[in-house]
Every structure is written in structure tokens, then in C-alpha cells.
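What follows is a short report on a single structure.
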Amino acid sequence: MLPIEILSTIFLAGGAFFMIAGTAGLYKFPDFYTRLHATGKCDTMGQVLIIFGCMIYEGWSYITIKLLLVSAFYLLAGPAGTHALMKAGYVTGIKPWKKGDQRN
Amino acid sequence: MSRESRTFRFVLTFCIMFIFWLLLSWWTIYLIEPFDLTMLLSKGVLASLIVTCLTYEMFVPSRSEKVLLKLRRFLGYIIWELYQIVLATIDVAYRVVGTLPVDPRIIEFDTTLRSDFALVTFANSITLTPGTITINVEPERGRYMVHAIAKEPADSLEVDQTMQKYVGYVFLEE
């Protein structure tokens, strides 16, 4: 294997790991807000890592900069979407889970 | 507004737009003859001129003589922020696996930030860094409401305040 292939494999595997961790957190965490913590962070990171892996695998071409711009946009849009969901939940009046409560 | 700052803003916006155009379409000017090169470059200049005329008044905000200083500090901030994002993701992954506890709480605190761009940057940074998500912002007082997943992330915002100090340093609003 070429070093470029090894490096891109590492990035792609890391991205896949974080996506899986985010999905597991979506099932494991107790309430709406903590589930948003899992998906909001792990999905952003996983997506960016996968895009970086594709970038390295493709080599230096005109697609590289476009992929870089896509990942930059993802870093801006991911937290904005998470915050919008969070605020919608808070305004609607979903009760936050406290330590020691019953899981729902 | 003075004439010089208008010219400065126009030139800065034009440079950024033209560099952006070159980044997105340099592959079309890479392979062709010199005559066509001037044709294509003039198209790019024309396109960025039109965009500049339309948008330079909002692209560079009005009270910003120190925009280059802010830009330089902001680039350093982005690198620090990317490192924090990696830490945040590993932190959440640990909590999913179960080695760290989940103890959610909602906290509120005041900051010294007032301008729109600083408020948005800080809110986005809170959402991206370990275990905290912004719920609400009151721009007049710089007041933030934050949901934290455990005690340590909440303390790092409420007690240590490294991040709001850094954002204040970047946007000269300490």
C-alpha cells in the first residue's frame, strides 16, 4: 500500500468510528438534549474526517479545494443546526433529565 | 464615512473575491493558450467586480480599521478551535462508551462580547467544544444560556473562561 492510501484509510476509519460512536450515543443517552450532544458533535467530526480522507485519496487536484470548502461549511452549519434543535426543544418545554431521574 | 476607508474596503473585498474565483476555477485556466488565458481572467475580473460593487458595504463591516489584525488573530483562533473540536469528539465518544459520567445541567453566564460576529463565533465555538451546546443568546448583555453534559465542561466555561477571553482577544472586545 502507498503511504497516501494508508493515511486516507486512517482518516476514513476515524470518521467511520466517530459516526458509529455518535449513533450509539443517540440510543444510549437518557434524554433529548444529551442525545443532541452525541449527534451534533460526533457527526460533524466524522463527516469532516471522511471528507479529508477523500481529499487525500484523490491527490492534489481542483476538487481538493472544493472539498475543503465543503468541510468548512459543514463546520459552520453543523453547530447552527444543533443549536436550532436545542432552542426549539427548550422553547417547547421539554424537561431536561437530571442525574438520578428515571430514564425515558 | 471617509473616502479612504471606502477605497480600502473596496480593494480588500475585490482581492478576496478574485482569489476565491481563482481557487474555484484555476483548473480551467491551467491547460489553455495564452490568448484564452487573458479572456478567462478578464471574465473572472468582471465577475468579481460585479460582486464587489454589490456587496463591499456589508462584506467588511463599517467600524473596522483593524480588520487585518483581527483576521490574523482569527486564523490562529481557527487552528486552536480545530484542536478543541478533536478533544470534544473524543470526550463525547468516552461518554458513549461509559467511562465518563453523564450529569447534564443548564448554566447561564455573562460575557463582554457585543458585536454580531463575535457573538456568533463564540456561540458556534461553544457548540463545537467539549460537552456544551448553546441554547439562547441575549445580545444586549452578552448573556449566554448553555446546556452542559457534565460538571467539568460547565466549569471550564463558568470558572476558567479561557474561551471567552480568547474570543474577546481576537475581536478586541475585552
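As shown in the C-alpha cells, the chain order sets the letters A, B, ...; within each chain, residues go from 1, and ligands are also counted from 1 in the order they appear.
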Each chain B residue no farther than 9 Å from chain A, nearest pair in Å, only C-alpha atoms, as a tab-separated table:
```
residue	atom	partner	partner_atom	distance
B:Leu23	CA	A:Ile65	CA	7.0
B:Leu24	CA	A:Lys66	CA	7.0
B:Ser25	CA	A:Tyr62	CA	7.8
B:Trp26	CA	A:Tyr62	CA	7.4
B:Trp27	CA	A:Tyr62	CA	6.0
B:Ile85	CA	A:Met45	CA	7.5
B:Val86	CA	A:Met45	CA	7.5
B:Ala88	CA	A:Lys41	CA	7.3
B:Thr89	CA	A:Cys42	CA	5.6
B:Ile90	CA	A:Phe18	CA	8.4
B:Val92	CA	A:Ala38	CA	6.4
B:Ala93	CA	A:Ala21	CA	5.8
B:Tyr94	CA	A:Ala21	CA	9.0
B:Arg95	CA	A:Gly25	CA	8.1
B:Val96	CA	A:Gly25	CA	5.1
B:Val97	CA	A:Ala21	CA	8.1
B:Val102	CA	A:Lys99	CA	7.6
B:Asp103	CA	A:Lys99	CA	5.4
B:Pro104	CA	A:Lys98	CA	6.2
B:Arg105	CA	A:Lys98	CA	7.2
B:Ile106	CA	A:Pro96	CA	8.5
B:Ala123	CA	A:Pro79	CA	8.6
B:Asn124	CA	A:Pro79	CA	5.8
B:Ser125	CA	A:Pro79	CA	8.3
B:Ile126	CA	A:Pro79	CA	8.8
B:Thr127	CA	A:Pro79	CA	5.6
B:Leu128	CA	A:Pro79	CA	6.4
B:Thr129	CA	A:Lys41	CA	8.2
B:Pro130	CA	A:Lys41	CA	8.7
B:Gly131	CA	A:His37	CA	6.7
B:Thr132	CA	A:His37	CA	7.5
B:Ile133	CA	A:His83	CA	6.7
B:Thr134	CA	A:His83	CA	6.0
B:Ile135	CA	A:Lys87	CA	5.1
B:Asn136	CA	A:Lys87	CA	6.7
B:His147	CA	A:Tyr33	CA	7.8
B:Ala148	CA	A:Thr34	CA	8.6
B:Ile149	CA	A:Thr34	CA	6.5
```
Problem set entry | DSSP helix (DSSP H, G or I) residues within chain A, listed as an MDAnalysis selection string | chainID A and resid 3:28 32:58 62:92
Applying 12 Å and only C-alpha atoms, which residues near Ile10 in chain A remain after dropping the ones on its own chain fewer than 3 positions away? List them as a compact mmCIF listing (two decimals) with C-alpha atoms, in the first residue's frame.
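As written to disk, around-v3.txt reads:
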```txt
# COMPACT_ATOMS: atom_id res chain seq x y z
CA PRO A 3 1.62 5.89 2.17
CA ILE A 4 -1.18 8.07 0.76
CA GLU A 5 -3.56 5.10 0.86
CA ILE A 6 -2.59 4.27 4.45
CA LEU A 7 -3.12 7.89 5.53
CA ALA A 13 -11.65 4.72 9.60
CA GLY A 14 -11.56 7.51 12.17
CA GLY A 15 -14.55 9.17 10.53
CA ALA A 16 -16.49 5.91 10.49
CA PHE A 17 -15.62 5.31 14.16
CA LEU A 49 -12.71 13.33 8.69
CA ILE A 50 -14.34 11.35 5.86
CA PHE A 52 -10.40 14.73 4.47
CA GLY A 53 -9.82 11.05 3.70
CA CYS A 54 -11.39 11.50 0.25
CA ILE A 56 -6.02 12.74 0.50
CA TYR A 57 -7.03 9.72 -1.58
```
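Backbone DSSP over chain B gives strand (DSSP E) for Arg105, Ile106, Ile107, Glu108, Phe109, Asp110, Thr132, Ile133, Thr134, Ile135, Asn136, Val137, Glu138, Arg143, Tyr144, Met145, Val146, His147 and Ala148 of chain B.
For Ser71 in chain A, the list of residues within 8 Å, based on only C-alpha atoms and with local chain neighbours fewer than 5 positions off taken out, reads Gln47, Val48 and Ile51 of chain A.
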